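Asks: What follows is the file work_36.csv, containing CSV, C-alpha atoms:
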```
chain,number,residue,atom,x,y,z
N,1,GLY,CA,6.8,-5.8,8.9
N,2,GLY,CA,5.9,-9.5,8.6
N,3,GLY,CA,4.1,-9.5,5.2
N,4,ILE,CA,0.5,-9.2,6.4
N,5,CYS,CA,0.1,-5.9,4.6
N,6,GLN,CA,1.2,-7.6,1.3
N,7,VAL,CA,-1.8,-9.9,1.7
N,8,SER,CA,-4.2,-7.1,2.6
N,9,SER,CA,-2.9,-5.0,-0.3
N,10,THR,CA,-3.3,-7.9,-2.7
N,11,LEU,CA,-6.8,-8.5,-1.5
N,12,TYR,CA,-7.6,-4.8,-1.8
N,13,ASN,CA,-6.6,-4.8,-5.5
N,14,ALA,CA,-8.8,-7.9,-6.1
N,15,VAL,CA,-11.7,-6.2,-4.3
N,16,LEU,CA,-11.3,-3.1,-6.5
N,17,MET,CA,-11.3,-5.2,-9.7
N,18,ALA,CA,-14.3,-7.2,-8.5
N,19,ASN,CA,-16.2,-3.8,-8.1
N,20,LEU,CA,-17.0,-4.5,-4.4
N,21,LYS,CA,-17.5,-1.7,-1.9
N,22,ILE,CA,-14.5,-0.5,0.1
N,23,VAL,CA,-15.6,0.2,3.7
N,24,ASP,CA,-12.2,1.0,5.3
N,25,ARG,CA,-8.7,1.2,3.8
N,26,SER,CA,-5.6,3.0,5.0
N,27,SER,CA,-2.3,3.4,3.1
N,28,HIS,CA,1.1,2.9,4.6
N,29,ALA,CA,3.2,5.9,5.8
N,30,TRP,CA,5.3,5.6,2.6
N,31,PRO,CA,4.9,3.6,-0.6
N,32,SER,CA,5.5,-0.1,-0.4
N,33,SER,CA,8.0,-1.9,-2.6
N,34,TYR,CA,5.6,-4.7,-3.7
N,35,VAL,CA,2.7,-2.7,-5.1
N,36,ASP,CA,2.2,0.6,-7.0
N,37,GLU,CA,1.7,3.7,-5.0
N,38,GLY,CA,-2.0,4.1,-4.0
N,39,ARG,CA,-2.7,0.4,-4.3
N,40,ASP,CA,-1.7,-0.6,-0.8
N,41,ALA,CA,-3.9,-1.4,2.2
N,42,THR,CA,-2.1,-1.5,5.6
N,43,VAL,CA,-3.3,-3.4,8.6
N,44,ASP,CA,-2.2,-3.1,12.3
N,45,TRP,CA,-3.7,-5.5,14.8
N,46,GLY,CA,-6.2,-3.7,17.0
N,47,SER,CA,-6.1,-0.3,15.3
N,48,ILE,CA,-6.0,-0.3,11.4
N,49,ASP,CA,-7.9,-2.8,9.3
N,50,PHE,CA,-8.9,-3.3,5.7
N,51,LYS,CA,-12.7,-3.8,5.3
N,52,PHE,CA,-14.9,-4.3,2.3
N,53,GLU,CA,-18.5,-5.3,1.7
N,54,ASN,CA,-20.1,-7.7,-0.8
N,55,ASN,CA,-22.5,-5.1,-2.1
N,56,THR,CA,-23.8,-7.5,-4.8
N,57,ASP,CA,-26.9,-9.8,-4.5
N,58,PHE,CA,-24.7,-12.8,-5.0
N,59,GLN,CA,-22.2,-14.8,-2.9
N,60,ILE,CA,-18.5,-14.4,-3.5
N,61,PHE,CA,-15.6,-16.7,-3.0
N,62,ILE,CA,-12.1,-15.5,-2.1
N,63,VAL,CA,-9.2,-17.6,-3.1
N,64,ALA,CA,-5.8,-16.3,-1.8
N,65,TYR,CA,-2.5,-18.1,-2.1
N,66,TRP,CA,1.3,-17.6,-2.1
N,67,ASP,CA,3.3,-18.8,-5.1
N,68,PRO,CA,6.7,-20.0,-3.7
N,69,SER,CA,8.3,-20.0,-7.2
N,70,ASP,CA,8.4,-16.2,-7.2
N,71,SER,CA,7.3,-15.3,-3.7
N,72,THR,CA,4.2,-13.5,-4.8
N,73,CYS,CA,0.8,-13.2,-3.1
N,74,HIS,CA,-2.4,-13.7,-5.2
N,75,ALA,CA,-6.1,-13.0,-4.5
N,76,GLU,CA,-9.0,-14.0,-6.7
N,77,ILE,CA,-12.6,-13.1,-6.1
N,78,TYR,CA,-15.3,-15.2,-7.7
N,79,GLY,CA,-18.9,-14.1,-7.9
N,80,LYS,CA,-21.3,-12.8,-10.5
N,81,ARG,CA,-19.4,-11.6,-13.6
N,82,LEU,CA,-19.6,-8.1,-14.8
N,83,PRO,CA,-22.1,-7.9,-17.7
N,84,ASN,CA,-21.3,-8.5,-21.4
N,85,GLY,CA,-17.7,-9.7,-20.8
N,86,GLU,CA,-16.7,-6.4,-19.2
N,87,TYR,CA,-13.7,-6.3,-16.8
N,88,ILE,CA,-11.8,-3.8,-14.7
N,89,ARG,CA,-8.1,-3.0,-14.6
N,90,LEU,CA,-6.4,-0.6,-12.2
N,91,GLU,CA,-4.3,2.4,-13.3
N,92,ARG,CA,-2.2,4.6,-11.1
N,93,GLU,CA,-1.2,8.2,-11.8
N,94,ILE,CA,1.4,10.1,-9.8
N,95,THR,CA,0.2,13.6,-9.5
N,96,SER,CA,3.0,15.0,-7.3
N,97,ARG,CA,6.3,14.0,-5.9
N,98,THR,CA,8.4,15.8,-3.2
N,99,PRO,CA,12.0,14.5,-3.1
N,100,THR,CA,13.3,13.5,0.4
N,101,SER,CA,15.8,16.0,1.8
N,102,GLY,CA,17.9,16.4,4.8
N,103,VAL,CA,18.8,14.0,7.6
N,104,GLU,CA,17.2,13.8,11.0
N,105,TYR,CA,19.6,13.0,13.8
N,106,VAL,CA,18.4,11.5,17.1
N,107,ALA,CA,20.5,10.6,20.2
N,108,ASN,CA,20.9,7.0,21.2
N,109,GLY,CA,22.2,6.6,24.8
N,110,GLU,CA,23.0,2.9,24.3
N,111,LEU,CA,25.1,3.4,21.2
N,112,PRO,CA,28.8,4.2,21.8
N,113,ALA,CA,29.7,7.9,21.2
N,114,GLY,CA,30.9,8.4,17.6
N,115,GLN,CA,28.9,5.5,16.2
N,116,THR,CA,25.8,6.0,14.0
N,117,ASN,CA,23.0,3.8,12.9
N,118,THR,CA,20.5,4.6,10.1
N,119,VAL,CA,17.1,3.6,11.4
N,120,ARG,CA,15.0,4.9,8.5
N,121,ALA,CA,15.9,5.6,4.9
N,122,GLY,CA,14.5,8.8,3.3
N,123,HIS,CA,11.2,8.5,1.5
N,124,ASP,CA,9.9,10.9,-1.2
N,125,GLY,CA,6.5,12.4,-0.6
N,126,VAL,CA,4.1,11.1,-3.3
N,127,THR,CA,0.5,11.8,-4.3
N,128,ALA,CA,-1.1,9.0,-6.3
N,129,VAL,CA,-4.5,8.6,-7.9
N,130,VAL,CA,-5.8,5.1,-8.6
N,131,TYR,CA,-8.5,4.6,-11.2
N,132,LYS,CA,-10.8,1.7,-11.8
N,133,VAL,CA,-11.0,1.4,-15.6
N,134,TRP,CA,-13.8,-0.6,-17.2
N,135,TYR,CA,-13.2,-2.3,-20.5
N,136,ASP,CA,-15.6,-4.1,-22.8
N,137,ALA,CA,-15.0,-7.7,-24.1
N,138,ASN,CA,-13.0,-6.3,-27.0
N,139,GLY,CA,-10.6,-4.4,-24.7
N,140,THR,CA,-12.1,-0.9,-25.4
N,141,GLU,CA,-12.2,1.5,-22.4
N,142,ILE,CA,-15.8,2.3,-21.6
N,143,LYS,CA,-15.6,3.9,-18.2
N,144,ARG,CA,-13.1,5.4,-15.7
N,145,GLU,CA,-13.7,6.0,-12.0
N,146,GLU,CA,-11.3,7.3,-9.3
N,147,ALA,CA,-10.9,4.6,-6.7
N,148,ASN,CA,-8.7,6.6,-4.3
N,149,THR,CA,-6.2,9.4,-3.9
N,150,THR,CA,-3.4,8.6,-1.6
N,151,VAL,CA,-1.0,11.1,-0.1
N,152,TYR,CA,2.3,9.8,1.3
N,153,ARG,CA,4.3,12.5,3.1
N,154,MET,CA,8.0,13.0,2.7
N,155,TYR,CA,10.2,11.5,5.4
N,156,ALA,CA,13.8,12.6,5.9
N,157,LYS,CA,16.5,9.9,6.5
N,158,ARG,CA,16.7,9.2,10.3
N,159,VAL,CA,20.1,8.5,11.9
N,160,GLU,CA,20.8,7.6,15.5
N,161,VAL,CA,24.0,9.1,17.0
N,162,GLY,CA,25.7,7.3,19.9
N,163,THR,CA,26.1,9.3,23.1
N,164,LEU,CA,27.4,6.6,25.5
N,165,LEU,CA,30.9,7.4,26.7
N,166,PRO,CA,33.4,4.7,27.9
N,167,ASP,CA,32.8,5.7,31.6
N,168,GLY,CA,29.1,5.2,31.3
N,169,SER,CA,28.2,8.9,31.1
N,170,HIS,CA,26.6,10.5,28.0
N,171,ALA,CA,28.1,13.0,25.6
N,172,PRO,CA,26.0,16.1,25.0
N,173,PHE,CA,23.8,16.0,21.9
N,174,ASP,CA,22.3,18.9,20.2
```
Give the structure from this file in structure tokens form.
Replies:
Amino acid sequence: GGGICQVSSTLYNAVLMANLKIVDRSSHAWPSSYVDEGRDATVDWGSIDFKFENNTDFQIFIVAYWDPSDSTCHAEIYGKRLPNGEYIRLEREITSRTPTSGVEYVANGELPAGQTNTVRAGHDGVTAVVYKVWYDANGTEIKREEANTTVYRMYAKRVEVGTLLPDGSHAPFD
């Protein structure tokens, strides 16, 4: 929740465009607002990490920075260029979408009876395929390769319902 995943996602995209080997990448539970579906890489200290390997015979340099003028993260990878002026761009295709539906209600014994609190917005289920697309120096597509297929499941909106009565007891909740 503190923006670390925006940095790892930005680096993930740079790694794909540099044609480096992805060792370990996990998506978020639902799509992020700052990157296209399927182009995210979540991290969670001690359990989930984004890992890649320099599988070239040359050293690489990673330059990462934040631009305060528009609050964006940037990552650049320098190493041996692709041959003949070739370059890689990423394309994303949504192959399915399941609209969110329903509301999940959960009891909150600390919230006064009758009050509600939305703790999670609903999120559509989405399947996205990301492609690495190679172009020649003239901008003509020469190759296309699937980088990943990401499946985000659908999440219903979650609302807490207060059960705390004025006398300190709790109202029934079903």
Asks: Find the residues around N:Thr118 up to 7 Å (all atoms listed in the file counted), leave out those fewer than 5 positions away in its own chain, and share them as JSON, numbers by chain.
Replies: {"N": [158, 159, 160]}
Asks: Grab the residues selected above and save them as an mmCIF file, in the coordinates of the input with C-alpha atoms.
Replies:
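What landed in result.cif:
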```cif
data_model
loop_
_atom_site.group_PDB
_atom_site.id
_atom_site.type_symbol
_atom_site.label_atom_id
_atom_site.label_comp_id
_atom_site.auth_asym_id
_atom_site.auth_seq_id
_atom_site.Cartn_x
_atom_site.Cartn_y
_atom_site.Cartn_z
ATOM 1 C CA ARG N 158 16.700 9.200 10.300
ATOM 2 C CA VAL N 159 20.100 8.500 11.900
ATOM 3 C CA GLU N 160 20.800 7.600 15.500
#
```
Asks: So, counting only C-alpha atoms, which residue among N:Leu16, N:Val7, N:Ala113, N:Ala156 is closest to N:Ile77?
Replies: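 Nearest candidate to N:Ile77 out of N:Leu16, N:Val7, N:Ala113, N:Ala156: N:Leu16.
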Asks: With distances taken over only C-alpha atoms, which of N:Ala128, N:Ile48, N:Ala18, N:Val23 is nearest to N:Glu91?
Replies: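 When distances to N:Glu91 are compared using only C-alpha atoms, the smallest one comes from N:Ala128.
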Asks: Restricting the calculation to all atoms listed in the file, which member of N:Val133, N:Ala14, N:Ala41, N:Leu111 is positioned closest to N:Val63?
Replies: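 Selected residue with least distance to N:Val63: N:Ala14.
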Asks: So that I can check the surroundings of stretch 161-168 of chain N, please list as a PyMOL selection string every protein, DNA and RNA residue that reaches within 9 Å of it, counting all atoms listed in the file and ignoring chain neighbours fewer than 5 positions away.
Replies: chain N and resi 105-118+173
Asks: Considering all atoms listed in the file, can you say which of N:Thr98, N:Gly125, N:Glu86, N:Phe58 comes closest to N:Asn138?
Replies: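 Looking at the shortest contact to N:Asn138, the residue is N:Glu86.
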Asks: What is the atom CA of N:Trp66-atom CA of N:Asn148 distance in Å, reported with one decimal?
Replies: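 It comes out at 26.3 Å.
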Asks: Do you know which residues are at most 12 Å from N:Gly102 counting all atoms listed in the file, after dropping those on the same chain fewer than 4 positions away, and could you put them as an MDAnalysis selection string?
Replies: chainID N and resid 121:124 154:159
Asks: Give me, as a ChimeraX atom specification, all polymer residues having an atom no more than 12 Å from N:Arg81, counting all atoms listed in the file and skipping those fewer than 6 positions away in the same chain.
Replies: /N:17-20,56-60,87-88
Asks: Which one of N:Gln6, N:Ser169, N:Ser71, N:Ser26 sits closest to N:Thr149 if you count all atoms listed in the file?
Replies: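 Nearest to N:Thr149: N:Ser26.
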Asks: I'd like the contact shell of N:Ile4 - 9 Å cut-off, all atoms listed in the file, skipping same-chain residues fewer than 5 positions apart - returned as an mmCIF file with C-alpha atoms, keeping the file's coordinate frame.
Replies:
```cif
data_model
loop_
_atom_site.group_PDB
_atom_site.id
_atom_site.type_symbol
_atom_site.label_atom_id
_atom_site.label_comp_id
_atom_site.auth_asym_id
_atom_site.auth_seq_id
_atom_site.Cartn_x
_atom_site.Cartn_y
_atom_site.Cartn_z
ATOM 1 C CA SER N 9 -2.900 -5.000 -0.300
ATOM 2 C CA THR N 42 -2.100 -1.500 5.600
ATOM 3 C CA VAL N 43 -3.300 -3.400 8.600
ATOM 4 C CA ASP N 44 -2.200 -3.100 12.300
#
```
Asks: Rank nothing, just name the residue among N:Asp174, N:Asp67, N:Glu146, N:Asp40 nearest to N:Leu11, using all atoms listed in the file.
Replies: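 Of N:Asp174, N:Asp67, N:Glu146, N:Asp40, the one nearest N:Leu11 is N:Asp40, counting all atoms listed in the file.
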Asks: Figure out the distance between atom CA of N:Thr72 and atom CA of N:Tyr34, please, to one decimal in Å.
Replies: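 Answer for the atom CA of N:Tyr34 to atom CA of N:Thr72 separation: 9.0 Å.
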Asks: Would you mind putting back all heavy atoms on stretch 92-103 of chain N, then writing it out as a tab-separated table (two decimals), in the frame of the given file?
Replies:
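See selection17.tsv below for the written result:
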```tsv
chain	number	residue	atom	x	y	z
N	92	ARG	N	-2.69	3.67	-12.16
N	92	ARG	CA	-2.20	4.60	-11.10
N	92	ARG	C	-1.51	5.77	-11.83
N	92	ARG	O	-0.78	5.60	-12.78
N	92	ARG	CB	-1.22	3.86	-10.23
N	92	ARG	CG	-0.66	4.70	-9.11
N	92	ARG	CD	0.76	5.12	-9.29
N	92	ARG	NE	1.61	4.03	-9.69
N	92	ARG	CZ	2.73	4.19	-10.35
N	92	ARG	NH1	3.14	5.38	-10.67
N	92	ARG	NH2	3.48	3.17	-10.70
N	93	GLU	N	-1.81	6.97	-11.33
N	93	GLU	CA	-1.20	8.20	-11.80
N	93	GLU	C	-0.53	8.91	-10.67
N	93	GLU	O	-1.17	9.15	-9.65
N	93	GLU	CB	-2.24	9.08	-12.49
N	93	GLU	CG	-1.72	10.41	-12.97
N	93	GLU	CD	-2.81	11.34	-13.48
N	93	GLU	OE1	-4.01	10.99	-13.40
N	93	GLU	OE2	-2.45	12.42	-13.95
N	94	ILE	N	0.75	9.25	-10.81
N	94	ILE	CA	1.40	10.10	-9.80
N	94	ILE	C	1.17	11.52	-10.16
N	94	ILE	O	1.50	11.97	-11.25
N	94	ILE	CB	2.97	9.79	-9.82
N	94	ILE	CG1	3.28	8.32	-9.55
N	94	ILE	CG2	3.69	10.71	-8.83
N	94	ILE	CD1	2.86	7.84	-8.20
N	95	THR	N	0.52	12.24	-9.23
N	95	THR	CA	0.20	13.60	-9.50
N	95	THR	C	1.15	14.62	-8.88
N	95	THR	O	1.17	15.78	-9.26
N	95	THR	CB	-1.26	13.94	-9.05
N	95	THR	OG1	-1.38	13.67	-7.66
N	95	THR	CG2	-2.26	13.10	-9.83
N	96	SER	N	1.94	14.16	-7.90
N	96	SER	CA	3.00	15.00	-7.30
N	96	SER	C	4.04	14.16	-6.65
N	96	SER	O	3.75	13.04	-6.21
N	96	SER	CB	2.43	16.05	-6.37
N	96	SER	OG	2.02	15.44	-5.17
N	97	ARG	N	5.25	14.70	-6.59
N	97	ARG	CA	6.30	14.00	-5.90
N	97	ARG	C	7.22	15.08	-5.25
N	97	ARG	O	7.59	16.05	-5.88
N	97	ARG	CB	7.16	13.19	-6.90
N	97	ARG	CG	8.27	12.37	-6.23
N	97	ARG	CD	9.00	11.46	-7.22
N	97	ARG	NE	8.16	10.49	-7.86
N	97	ARG	CZ	7.83	9.31	-7.35
N	97	ARG	NH1	8.28	8.95	-6.17
N	97	ARG	NH2	7.07	8.46	-8.02
N	98	THR	N	7.50	14.88	-3.96
N	98	THR	CA	8.40	15.80	-3.20
N	98	THR	C	9.60	14.97	-2.80
N	98	THR	O	9.49	14.05	-1.98
N	98	THR	CB	7.67	16.31	-1.95
N	98	THR	OG1	6.45	16.94	-2.33
N	98	THR	CG2	8.56	17.29	-1.20
N	99	PRO	N	10.77	15.27	-3.39
N	99	PRO	CA	12.00	14.50	-3.10
N	99	PRO	C	12.33	14.62	-1.58
N	99	PRO	O	12.18	15.68	-0.99
N	99	PRO	CB	13.06	15.09	-3.95
N	99	PRO	CG	12.32	15.85	-5.01
N	99	PRO	CD	11.03	16.28	-4.40
N	100	THR	N	12.80	13.51	-1.03
N	100	THR	CA	13.30	13.50	0.40
N	100	THR	C	14.46	14.47	0.46
N	100	THR	O	15.21	14.64	-0.50
N	100	THR	CB	13.62	12.13	0.86
N	100	THR	OG1	13.92	12.20	2.24
N	100	THR	CG2	14.78	11.53	0.11
N	101	SER	N	14.62	15.09	1.60
N	101	SER	CA	15.80	16.00	1.80
N	101	SER	C	16.16	15.99	3.25
N	101	SER	O	15.34	15.75	4.14
N	101	SER	CB	15.42	17.41	1.34
N	101	SER	OG	14.40	17.96	2.13
N	102	GLY	N	17.42	16.25	3.47
N	102	GLY	CA	17.90	16.40	4.80
N	102	GLY	C	18.06	15.06	5.55
N	102	GLY	O	17.70	14.00	5.05
N	103	VAL	N	18.63	15.17	6.75
N	103	VAL	CA	18.80	14.00	7.60
N	103	VAL	C	18.36	14.44	9.02
N	103	VAL	O	18.68	15.54	9.49
N	103	VAL	CB	20.28	13.56	7.67
N	103	VAL	CG1	20.45	12.38	8.62
N	103	VAL	CG2	20.77	13.19	6.28
```
